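Note: the block below is coords.cif and it holds mmCIF, C-alpha atoms and all ligand atoms.
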```cif
data_my_file
loop_
_atom_site.group_PDB
_atom_site.id
_atom_site.type_symbol
_atom_site.label_atom_id
_atom_site.label_comp_id
_atom_site.auth_asym_id
_atom_site.auth_seq_id
_atom_site.Cartn_x
_atom_site.Cartn_y
_atom_site.Cartn_z
ATOM 1 C CA MET A 1 -27.861 -175.885 -51.052
ATOM 2 C CA ASP A 2 -26.926 -176.689 -47.430
ATOM 3 C CA GLY A 3 -24.205 -174.001 -47.340
ATOM 4 C CA ILE A 4 -21.402 -176.543 -46.873
ATOM 5 C CA LEU A 5 -18.500 -175.981 -49.226
ATOM 6 C CA ILE A 6 -17.403 -179.219 -50.891
ATOM 7 C CA GLU A 7 -13.629 -179.414 -51.186
ATOM 8 C CA LEU A 8 -12.542 -181.661 -54.026
ATOM 9 C CA PRO A 9 -8.966 -182.744 -54.820
ATOM 10 C CA PHE A 10 -7.665 -181.422 -58.165
ATOM 11 C CA ALA A 11 -4.662 -183.242 -59.660
ATOM 12 C CA SER A 12 -2.999 -180.309 -61.405
ATOM 13 C CA LYS A 13 0.212 -178.395 -60.888
ATOM 14 C CA ASN A 14 -0.958 -175.477 -63.026
ATOM 15 C CA PRO A 15 -1.947 -172.564 -60.723
ATOM 16 C CA HIS A 16 -3.757 -170.792 -63.597
ATOM 17 C CA LYS A 17 -6.015 -173.793 -64.140
ATOM 18 C CA LEU A 18 -6.781 -173.954 -60.415
ATOM 19 C CA ILE A 19 -7.805 -170.277 -60.292
ATOM 20 C CA GLU A 20 -9.966 -170.556 -63.413
ATOM 21 C CA ALA A 21 -11.644 -173.744 -62.191
ATOM 22 C CA ASN A 22 -12.428 -172.191 -58.810
ATOM 23 C CA ILE A 23 -13.843 -169.047 -60.421
ATOM 24 C CA ALA A 24 -16.145 -171.241 -62.534
ATOM 25 C CA LEU A 25 -17.167 -173.370 -59.526
ATOM 26 C CA ARG A 26 -17.746 -170.587 -57.015
ATOM 27 C CA ASP A 27 -21.514 -170.488 -57.658
ATOM 28 C CA TYR A 28 -21.861 -174.235 -57.095
ATOM 29 C CA GLY A 29 -20.580 -174.570 -53.519
ATOM 30 C CA VAL A 30 -17.410 -176.355 -54.630
ATOM 31 C CA LYS A 31 -13.747 -175.531 -54.145
ATOM 32 C CA LEU A 32 -10.911 -177.453 -55.765
ATOM 33 C CA VAL A 33 -7.845 -178.111 -53.671
ATOM 34 C CA PRO A 34 -4.590 -179.044 -55.435
ATOM 35 C CA VAL A 35 -3.146 -182.470 -54.687
ATOM 36 C CA ASP A 36 0.331 -183.586 -55.581
ATOM 37 C CA VAL A 37 -0.458 -186.583 -57.795
ATOM 38 C CA GLU A 38 1.495 -187.087 -61.001
ATOM 39 C CA LYS A 39 -0.738 -186.565 -64.066
ATOM 40 C CA LEU A 40 -0.213 -189.746 -66.035
ATOM 41 C CA GLU A 41 -0.639 -188.767 -69.720
ATOM 42 C CA ILE A 42 -1.172 -191.500 -72.297
ATOM 43 C CA GLN A 43 -0.451 -190.802 -75.976
ATOM 44 C CA SER A 44 -3.820 -190.355 -77.651
ATOM 45 C CA GLU A 45 -5.581 -187.988 -80.031
ATOM 46 C CA ASP A 46 -8.648 -188.130 -77.822
ATOM 47 C CA LEU A 47 -8.738 -185.717 -74.852
ATOM 48 C CA GLU A 48 -11.555 -187.740 -73.244
ATOM 49 C CA LYS A 49 -9.395 -190.882 -73.279
ATOM 50 C CA ILE A 50 -6.357 -189.005 -71.914
ATOM 51 C CA VAL A 51 -8.290 -187.455 -69.064
ATOM 52 C CA THR A 52 -10.226 -190.615 -68.170
ATOM 53 C CA TYR A 53 -6.996 -192.562 -67.890
ATOM 54 C CA ALA A 54 -5.371 -189.797 -65.831
ATOM 55 C CA ALA A 55 -8.386 -189.610 -63.479
ATOM 56 C CA ARG A 56 -8.398 -193.382 -62.941
ATOM 57 C CA TYR A 57 -4.689 -193.285 -62.131
ATOM 58 C CA ALA A 58 -5.102 -190.317 -59.740
ATOM 59 C CA TYR A 59 -7.932 -192.161 -57.960
ATOM 60 C CA SER A 60 -5.752 -195.288 -57.623
ATOM 61 C CA ILE A 61 -3.198 -193.188 -55.704
ATOM 62 C CA LEU A 62 -5.557 -191.043 -53.615
ATOM 63 C CA ARG A 63 -8.387 -193.541 -53.053
ATOM 64 C CA LYS A 64 -10.953 -190.749 -52.960
ATOM 65 C CA PRO A 65 -12.823 -188.646 -55.547
ATOM 66 C CA VAL A 66 -10.469 -186.551 -57.628
ATOM 67 C CA VAL A 67 -10.728 -184.133 -60.563
ATOM 68 C CA VAL A 68 -8.384 -184.017 -63.559
ATOM 69 C CA GLU A 69 -8.442 -181.682 -66.575
ATOM 70 C CA ASP A 70 -6.821 -181.751 -69.992
ATOM 71 C CA ALA A 71 -7.071 -179.053 -72.631
ATOM 72 C CA GLY A 72 -5.924 -178.272 -76.131
ATOM 73 C CA LEU A 73 -5.961 -175.653 -78.868
ATOM 74 C CA PHE A 74 -7.345 -176.900 -82.210
ATOM 75 C CA ILE A 75 -6.464 -174.741 -85.232
ATOM 76 C CA TYR A 76 -8.702 -175.598 -88.191
ATOM 77 C CA ALA A 77 -6.260 -174.578 -90.979
ATOM 78 C CA LEU A 78 -3.689 -176.909 -89.375
ATOM 79 C CA ARG A 79 -6.229 -179.784 -89.296
ATOM 80 C CA GLY A 80 -6.615 -179.488 -85.554
ATOM 81 C CA PHE A 81 -2.928 -179.144 -84.652
ATOM 82 C CA PRO A 82 -1.682 -178.805 -81.924
ATOM 83 C CA GLY A 83 -4.839 -180.302 -80.287
ATOM 84 C CA PRO A 84 -3.858 -183.019 -77.807
ATOM 85 C CA TYR A 85 -0.200 -182.113 -78.382
ATOM 86 C CA SER A 86 -0.688 -178.505 -77.219
ATOM 87 C CA SER A 87 1.510 -178.813 -74.175
ATOM 88 C CA TYR A 88 4.385 -180.249 -76.230
ATOM 89 C CA ALA A 89 3.850 -177.679 -79.014
ATOM 90 C CA PHE A 90 3.897 -174.852 -76.465
ATOM 91 C CA LYS A 91 7.161 -176.113 -74.969
ATOM 92 C CA THR A 92 8.836 -176.653 -78.335
ATOM 93 C CA ILE A 93 7.684 -174.255 -81.093
ATOM 94 C CA GLY A 94 5.759 -171.970 -78.712
ATOM 95 C CA ILE A 95 3.557 -169.044 -79.684
ATOM 96 C CA GLU A 96 6.060 -167.823 -82.295
ATOM 97 C CA GLY A 97 6.085 -171.249 -83.950
ATOM 98 C CA ILE A 98 2.285 -171.336 -84.181
ATOM 99 C CA LEU A 99 2.232 -167.831 -85.676
ATOM 100 C CA LYS A 100 4.877 -168.911 -88.219
ATOM 101 C CA LEU A 101 2.778 -171.908 -89.268
ATOM 102 C CA LEU A 102 -0.115 -169.510 -89.897
ATOM 103 C CA GLU A 103 1.887 -166.966 -91.927
ATOM 104 C CA GLY A 104 -0.056 -166.197 -95.107
ATOM 105 C CA VAL A 105 -3.005 -168.357 -93.954
ATOM 106 C CA SER A 106 -6.296 -166.444 -94.128
ATOM 107 C CA ASP A 107 -8.394 -168.904 -92.078
ATOM 108 C CA ARG A 108 -7.248 -168.261 -88.498
ATOM 109 C CA ASN A 109 -10.242 -169.924 -86.838
ATOM 110 C CA ALA A 110 -9.545 -172.182 -83.895
ATOM 111 C CA LYS A 111 -11.156 -173.611 -80.797
ATOM 112 C CA PHE A 112 -10.019 -174.384 -77.288
ATOM 113 C CA VAL A 113 -11.324 -177.597 -75.734
ATOM 114 C CA SER A 114 -11.208 -178.530 -72.062
ATOM 115 C CA VAL A 115 -12.173 -181.960 -70.773
ATOM 116 C CA VAL A 116 -12.671 -182.460 -67.040
ATOM 117 C CA ALA A 117 -12.949 -185.891 -65.439
ATOM 118 C CA LEU A 118 -14.285 -186.612 -61.968
ATOM 119 C CA ALA A 119 -13.281 -190.055 -60.715
ATOM 120 C CA LEU A 120 -15.760 -191.311 -58.095
ATOM 121 C CA ASN A 121 -13.923 -194.634 -57.962
ATOM 122 C CA GLU A 122 -11.720 -196.590 -60.366
ATOM 123 C CA SER A 123 -14.553 -197.447 -62.748
ATOM 124 C CA ASP A 124 -17.006 -194.578 -62.262
ATOM 125 C CA ILE A 125 -15.458 -191.653 -64.125
ATOM 126 C CA ILE A 126 -17.656 -188.799 -65.285
ATOM 127 C CA VAL A 127 -16.460 -186.551 -68.084
ATOM 128 C CA PHE A 128 -17.453 -182.918 -68.789
ATOM 129 C CA ARG A 129 -16.451 -181.110 -71.981
ATOM 130 C CA GLY A 130 -16.231 -177.366 -72.606
ATOM 131 C CA GLU A 131 -15.325 -175.559 -75.800
ATOM 132 C CA VAL A 132 -14.875 -172.005 -77.032
ATOM 133 C CA GLU A 133 -14.609 -170.977 -80.675
ATOM 134 C CA GLY A 134 -12.330 -168.129 -81.670
ATOM 135 C CA SER A 135 -9.406 -167.107 -83.817
ATOM 136 C CA ILE A 136 -5.634 -166.764 -83.678
ATOM 137 C CA ALA A 137 -4.377 -163.170 -83.402
ATOM 138 C CA LEU A 138 -1.762 -161.840 -85.853
ATOM 139 C CA LYS A 139 0.623 -161.211 -82.986
ATOM 140 C CA PRO A 140 0.660 -161.856 -79.207
ATOM 141 C CA ARG A 141 -1.307 -159.333 -77.115
ATOM 142 C CA GLY A 142 -1.759 -159.054 -73.340
ATOM 143 C CA SER A 143 0.242 -160.176 -70.342
ATOM 144 C CA GLU A 144 -2.172 -162.207 -68.208
ATOM 145 C CA GLY A 145 -2.889 -165.918 -68.186
ATOM 146 C CA PHE A 146 -0.724 -168.714 -69.566
ATOM 147 C CA GLY A 147 0.065 -170.824 -72.606
ATOM 148 C CA PHE A 148 -1.570 -169.635 -75.804
ATOM 149 C CA ASP A 149 -3.705 -166.958 -74.052
ATOM 150 C CA PRO A 150 -1.874 -164.059 -75.808
ATOM 151 C CA ILE A 151 -2.919 -165.283 -79.277
ATOM 152 C CA PHE A 152 -6.464 -166.584 -78.723
ATOM 153 C CA ILE A 153 -9.395 -164.222 -79.380
ATOM 154 C CA PRO A 154 -12.740 -165.766 -78.355
ATOM 155 C CA GLN A 155 -15.599 -165.351 -80.819
ATOM 156 C CA GLY A 156 -17.594 -162.136 -80.322
ATOM 157 C CA HIS A 157 -14.629 -160.384 -78.656
ATOM 158 C CA THR A 158 -11.701 -158.297 -79.876
ATOM 159 C CA GLU A 159 -9.293 -158.905 -76.988
ATOM 160 C CA THR A 160 -7.123 -161.982 -76.507
ATOM 161 C CA PHE A 161 -7.584 -164.125 -73.381
ATOM 162 C CA ALA A 162 -4.345 -162.561 -72.061
ATOM 163 C CA GLU A 163 -5.857 -159.069 -72.417
ATOM 164 C CA MET A 164 -9.209 -160.065 -70.881
ATOM 165 C CA GLY A 165 -7.719 -161.328 -67.626
ATOM 166 C CA VAL A 166 -8.799 -164.396 -65.724
ATOM 167 C CA TRP A 167 -12.280 -163.281 -64.605
ATOM 168 C CA ARG A 168 -13.566 -162.252 -68.019
ATOM 169 C CA LYS A 169 -11.728 -165.154 -69.680
ATOM 170 C CA THR A 170 -13.446 -167.683 -67.419
ATOM 171 C CA LEU A 171 -16.918 -166.343 -68.273
ATOM 172 C CA VAL A 172 -16.460 -167.574 -71.860
ATOM 173 C CA SER A 173 -13.567 -170.024 -71.813
ATOM 174 C CA HIS A 174 -13.442 -173.746 -72.584
ATOM 175 C CA ARG A 175 -12.312 -174.371 -68.987
ATOM 176 C CA GLY A 176 -15.054 -172.168 -67.547
ATOM 177 C CA ASN A 177 -17.635 -174.095 -69.607
ATOM 178 C CA ALA A 178 -16.311 -177.529 -68.628
ATOM 179 C CA PHE A 179 -16.091 -176.720 -64.901
ATOM 180 C CA ARG A 180 -19.552 -175.115 -64.853
ATOM 181 C CA ARG A 181 -20.858 -178.461 -66.207
ATOM 182 C CA LEU A 182 -19.033 -180.228 -63.375
ATOM 183 C CA GLY A 183 -20.622 -177.727 -60.955
ATOM 184 C CA GLU A 184 -24.112 -178.503 -62.297
ATOM 185 C CA TRP A 185 -23.486 -182.242 -61.861
ATOM 186 C CA ILE A 186 -22.292 -181.713 -58.290
ATOM 187 C CA VAL A 187 -25.353 -179.645 -57.370
ATOM 188 C CA LYS A 188 -27.532 -182.603 -58.471
ATOM 189 C CA ASN A 189 -25.332 -185.248 -56.818
ATOM 190 C CA ARG A 190 -24.097 -183.481 -53.670
ATOM 191 C CA ASP A 191 -25.130 -186.124 -51.149
ATOM 192 C CA LYS A 192 -23.602 -188.991 -53.125
ATOM 193 C CA LEU A 193 -20.334 -187.063 -53.550
ATOM 194 C CA ILE A 194 -20.147 -186.006 -49.880
ATOM 195 C CA ARG A 195 -20.559 -189.657 -48.846
ATOM 196 C CA LEU A 196 -17.567 -190.646 -50.990
ATOM 197 C CA LEU A 197 -15.253 -187.867 -49.820
HETATM 198 P P1 LIG B 201 -2.695 -179.412 -70.593
HETATM 199 O O1 LIG B 201 -2.079 -180.616 -71.219
HETATM 200 O O2 LIG B 201 -4.138 -179.575 -70.296
HETATM 201 O O3 LIG B 201 -1.933 -178.864 -69.434
HETATM 202 O O4 LIG B 201 -2.693 -178.216 -71.655
HETATM 203 C C1 LIG B 201 -2.057 -178.297 -72.868
HETATM 204 C C2 LIG B 201 -1.495 -176.988 -73.304
HETATM 205 O O5 LIG B 201 -2.508 -176.256 -73.955
HETATM 206 C C3 LIG B 201 -0.965 -176.065 -72.194
HETATM 207 O O6 LIG B 201 0.374 -176.281 -71.954
HETATM 208 C C4 LIG B 201 -1.173 -174.700 -72.792
HETATM 209 O O7 LIG B 201 -0.070 -174.368 -73.566
HETATM 210 C C5 LIG B 201 -2.376 -174.900 -73.692
HETATM 211 N N1 LIG B 201 -3.597 -174.460 -73.003
HETATM 212 C C6 LIG B 201 -4.536 -175.212 -72.403
HETATM 213 N N2 LIG B 201 -5.490 -174.441 -71.887
HETATM 214 C C7 LIG B 201 -5.129 -173.181 -72.158
HETATM 215 C C8 LIG B 201 -5.715 -171.935 -71.856
HETATM 216 O O8 LIG B 201 -6.749 -171.791 -71.199
HETATM 217 N N3 LIG B 201 -5.038 -170.860 -72.309
HETATM 218 C C9 LIG B 201 -3.893 -170.939 -73.011
HETATM 219 N N4 LIG B 201 -3.303 -172.073 -73.299
HETATM 220 C C10 LIG B 201 -3.923 -173.188 -72.870
#
```

Written form, structure tokens:
Amino acid sequence: MDGILIELPFASKNPHKLIEANIALRDYGVKLVPVDVEKLEIQSEDLEKIVTYAARYAYSILRKPVVVEDAGLFIYALRGFPGPYSSYAFKTIGIEGILKLLEGVSDRNAKFVSVVALALNESDIIVFRGEVEGSIALKPRGSEGFGFDPIFIPQGHTETFAEMGVWRKTLVSHRGNAFRRLGEWIVKNRDKLIRLL
């Protein structure tokens, strides 16, 4: 690497996502910088489609490479709910509502999925997916993080994401995995990306 830090616009208003993404990217010579572009969310069951559309829209406003991320919690016993509707489910039924839906359900397995899109221009949009398997806790635990962090226990661990804190969370999380893939792509395509920025 040439030692130059690449600063890439990140169209997100979620400060937790920004911190997690930058932790994941710190070994790749990349830093995301928040930009105030509305995240245009289409109705779809497909995170890749949602994020590709949002990245194309963000590029059309900024006219330079931009990163967008969309994530969801997929609970197997609920046939993948809330999935792409996670943000709406969090705002409406919240953690308590999810725990209620799982009352008496023995299969508490779930996964978090994060999909990151890098728009190089309006047609060249590269997508990176990260996942983490885990299970839904019986009750909320921990005070760090955001969203469903207090009830998600990643596989191979006993603590929830909210108990692990952002550094340990990002080592195993869906978002950590997706942004590390973006980092690997950038390492291979640094010169091309720098020319576009
Ligand atoms: P968004 O649409 O990508 O902002 O995320 C959808 C929703 O999923 C968020 O509002 C959170 O409730 C939840 N979510 C996404 N990622 C995480 C995470 O890393 N931890 C906890 N909840 C998350």

From the list A:Leu5, A:Val68, A:Leu18, A:Ala58, the nearest residue to Gly176 in chain A using only C-alpha atoms is A:Leu18

Throw together the list of residues within 8 Å of ligand LIG 201 (chain B), counting all atoms listed in the file, and drop it here as a PDB file with C-alpha atoms, keeping the file's coordinate frame.
```pdb
ATOM      1  CA  ASN A  14      -0.958-175.477 -63.026  1.00  0.00           C
ATOM      2  CA  LYS A  17      -6.015-173.793 -64.140  1.00  0.00           C
ATOM      3  CA  GLU A  69      -8.442-181.682 -66.575  1.00  0.00           C
ATOM      4  CA  ASP A  70      -6.821-181.751 -69.992  1.00  0.00           C
ATOM      5  CA  ALA A  71      -7.071-179.053 -72.631  1.00  0.00           C
ATOM      6  CA  GLY A  72      -5.924-178.272 -76.131  1.00  0.00           C
ATOM      7  CA  LEU A  73      -5.961-175.653 -78.868  1.00  0.00           C
ATOM      8  CA  GLY A  83      -4.839-180.302 -80.287  1.00  0.00           C
ATOM      9  CA  PRO A  84      -3.858-183.019 -77.807  1.00  0.00           C
ATOM     10  CA  TYR A  85      -0.200-182.113 -78.382  1.00  0.00           C
ATOM     11  CA  SER A  86      -0.688-178.505 -77.219  1.00  0.00           C
ATOM     12  CA  SER A  87       1.510-178.813 -74.175  1.00  0.00           C
ATOM     13  CA  TYR A  88       4.385-180.249 -76.230  1.00  0.00           C
ATOM     14  CA  ALA A  89       3.850-177.679 -79.014  1.00  0.00           C
ATOM     15  CA  PHE A  90       3.897-174.852 -76.465  1.00  0.00           C
ATOM     16  CA  LYS A  91       7.161-176.113 -74.969  1.00  0.00           C
ATOM     17  CA  PHE A 112     -10.019-174.384 -77.288  1.00  0.00           C
ATOM     18  CA  VAL A 113     -11.324-177.597 -75.734  1.00  0.00           C
ATOM     19  CA  SER A 114     -11.208-178.530 -72.062  1.00  0.00           C
ATOM     20  CA  GLY A 145      -2.889-165.918 -68.186  1.00  0.00           C
ATOM     21  CA  PHE A 146      -0.724-168.714 -69.566  1.00  0.00           C
ATOM     22  CA  GLY A 147       0.065-170.824 -72.606  1.00  0.00           C
ATOM     23  CA  PHE A 148      -1.570-169.635 -75.804  1.00  0.00           C
ATOM     24  CA  ASP A 149      -3.705-166.958 -74.052  1.00  0.00           C
ATOM     25  CA  PRO A 150      -1.874-164.059 -75.808  1.00  0.00           C
ATOM     26  CA  PHE A 152      -6.464-166.584 -78.723  1.00  0.00           C
ATOM     27  CA  PHE A 161      -7.584-164.125 -73.381  1.00  0.00           C
ATOM     28  CA  SER A 173     -13.567-170.024 -71.813  1.00  0.00           C
ATOM     29  CA  HIS A 174     -13.442-173.746 -72.584  1.00  0.00           C
ATOM     30  CA  ARG A 175     -12.312-174.371 -68.987  1.00  0.00           C
TER      31      ARG A 175
END
```

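Put simply, CA of Glu131 in chain A is 14.0 Å away from CA of Ala24 in chain A.
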
Reference answer for the PyMOL selection byres (((chain A and resi 26) around 12) and not hetatm), as an mmCIF file with C-alpha atoms, keeping the file's coordinate frame:
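File written: part13.cif
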```cif
data_model
loop_
_atom_site.group_PDB
_atom_site.id
_atom_site.type_symbol
_atom_site.label_atom_id
_atom_site.label_comp_id
_atom_site.auth_asym_id
_atom_site.auth_seq_id
_atom_site.Cartn_x
_atom_site.Cartn_y
_atom_site.Cartn_z
ATOM 1 C CA LEU A 5 -18.500 -175.981 -49.226
ATOM 2 C CA ILE A 6 -17.403 -179.219 -50.891
ATOM 3 C CA GLU A 7 -13.629 -179.414 -51.186
ATOM 4 C CA LEU A 18 -6.781 -173.954 -60.415
ATOM 5 C CA ILE A 19 -7.805 -170.277 -60.292
ATOM 6 C CA GLU A 20 -9.966 -170.556 -63.413
ATOM 7 C CA ALA A 21 -11.644 -173.744 -62.191
ATOM 8 C CA ASN A 22 -12.428 -172.191 -58.810
ATOM 9 C CA ILE A 23 -13.843 -169.047 -60.421
ATOM 10 C CA ALA A 24 -16.145 -171.241 -62.534
ATOM 11 C CA LEU A 25 -17.167 -173.370 -59.526
ATOM 12 C CA ASP A 27 -21.514 -170.488 -57.658
ATOM 13 C CA TYR A 28 -21.861 -174.235 -57.095
ATOM 14 C CA GLY A 29 -20.580 -174.570 -53.519
ATOM 15 C CA VAL A 30 -17.410 -176.355 -54.630
ATOM 16 C CA LYS A 31 -13.747 -175.531 -54.145
ATOM 17 C CA LEU A 32 -10.911 -177.453 -55.765
ATOM 18 C CA TRP A 167 -12.280 -163.281 -64.605
ATOM 19 C CA THR A 170 -13.446 -167.683 -67.419
ATOM 20 C CA GLY A 176 -15.054 -172.168 -67.547
ATOM 21 C CA PHE A 179 -16.091 -176.720 -64.901
ATOM 22 C CA ARG A 180 -19.552 -175.115 -64.853
ATOM 23 C CA LEU A 182 -19.033 -180.228 -63.375
ATOM 24 C CA GLY A 183 -20.622 -177.727 -60.955
ATOM 25 C CA GLU A 184 -24.112 -178.503 -62.297
ATOM 26 C CA VAL A 187 -25.353 -179.645 -57.370
#
```

CA of Gly104 in chain A sits from CA of Arg79 in chain A at a separation of 16.0 Å

Atom pair CA of Ala137 in chain A + CA of Glu103 in chain A, distance 11.2 Å

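Checking A:Gly94, A:Pro34, A:Gly165, A:Gly134 one by one against Tyr76 in chain A, counting all atoms listed in the file, you find the shortest gap at A:Gly134.
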
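Using all atoms listed in the file, the nearest neighbour of Leu8 in chain A within the list A:Ile50, A:Leu120, A:Pro82, A:Lys169 is A:Leu120.
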
Which neighbours of Val127 in chain A fall inside 10 Å, counting all atoms listed in the file, when residues of the same chain fewer than 5 positions from it are skipped, and could you give them as a PyMOL selection string? chain A and resi 48-49+51-52+55+67-69+115-119+178+181-182

Deliver the residues from the most recent selection as a file, using C-alpha atoms, as a short mmCIF file (atom, residue, chain, number, x, y, z; two decimals), keeping the file's coordinate frame.
```cif
data_model
loop_
_atom_site.label_atom_id
_atom_site.label_comp_id
_atom_site.auth_asym_id
_atom_site.auth_seq_id
_atom_site.Cartn_x
_atom_site.Cartn_y
_atom_site.Cartn_z
CA GLU A 48 -11.56 -187.74 -73.24
CA LYS A 49 -9.40 -190.88 -73.28
CA VAL A 51 -8.29 -187.46 -69.06
CA THR A 52 -10.23 -190.62 -68.17
CA ALA A 55 -8.39 -189.61 -63.48
CA VAL A 67 -10.73 -184.13 -60.56
CA VAL A 68 -8.38 -184.02 -63.56
CA GLU A 69 -8.44 -181.68 -66.58
CA VAL A 115 -12.17 -181.96 -70.77
CA VAL A 116 -12.67 -182.46 -67.04
CA ALA A 117 -12.95 -185.89 -65.44
CA LEU A 118 -14.28 -186.61 -61.97
CA ALA A 119 -13.28 -190.06 -60.72
CA ALA A 178 -16.31 -177.53 -68.63
CA ARG A 181 -20.86 -178.46 -66.21
CA LEU A 182 -19.03 -180.23 -63.38
#
```

* To do: Would you kindly return, as an MDAnalysis selection string, each protein, DNA or RNA residue with an atom no farther than 8 Å from any atom of Ile136 in chain A, considering only C-alpha atoms and excluding same-chain residues fewer than 5 positions away?
  => chainID A and resid 108:110 151:153

If you count all atoms listed in the file, the residue of A:Leu101, A:Leu62, A:Ile194, A:Ala11 closest to Glu38 in chain A turns out to be A:Ala11

Using only C-alpha atoms, the residue out of A:Arg129, A:His16, A:Lys111, A:Lys100 with shortest distance to Leu47 in chain A is A:Arg129

Quick one: apply the PyMOL selection byres (((chain A and resi 63) around 10) and not hetatm) to the file and drop the selected residues here as an mmCIF file with C-alpha atoms, in the coordinates of the input.
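Writing done, so here's out18.cif:
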```
data_model
loop_
_atom_site.group_PDB
_atom_site.id
_atom_site.type_symbol
_atom_site.label_atom_id
_atom_site.label_comp_id
_atom_site.auth_asym_id
_atom_site.auth_seq_id
_atom_site.Cartn_x
_atom_site.Cartn_y
_atom_site.Cartn_z
ATOM 1 C CA ARG A 56 -8.398 -193.382 -62.941
ATOM 2 C CA TYR A 57 -4.689 -193.285 -62.131
ATOM 3 C CA ALA A 58 -5.102 -190.317 -59.740
ATOM 4 C CA TYR A 59 -7.932 -192.161 -57.960
ATOM 5 C CA SER A 60 -5.752 -195.288 -57.623
ATOM 6 C CA ILE A 61 -3.198 -193.188 -55.704
ATOM 7 C CA LEU A 62 -5.557 -191.043 -53.615
ATOM 8 C CA LYS A 64 -10.953 -190.749 -52.960
ATOM 9 C CA PRO A 65 -12.823 -188.646 -55.547
ATOM 10 C CA VAL A 66 -10.469 -186.551 -57.628
ATOM 11 C CA ALA A 119 -13.281 -190.055 -60.715
ATOM 12 C CA LEU A 120 -15.760 -191.311 -58.095
ATOM 13 C CA ASN A 121 -13.923 -194.634 -57.962
ATOM 14 C CA GLU A 122 -11.720 -196.590 -60.366
ATOM 15 C CA LEU A 196 -17.567 -190.646 -50.990
ATOM 16 C CA LEU A 197 -15.253 -187.867 -49.820
#
```

Take every atom of range 168-180 of chain A listed in the file, fit an axis-aligned box around them, add 8 Å per side, and give the centre and edge lengths in Å to one decimal as AutoDock Vina command-line options.
```
--center_x -15.6 --center_y -169.9 --center_z -68.7 --size_x 23.8 --size_y 31.3 --size_z 23.7
```
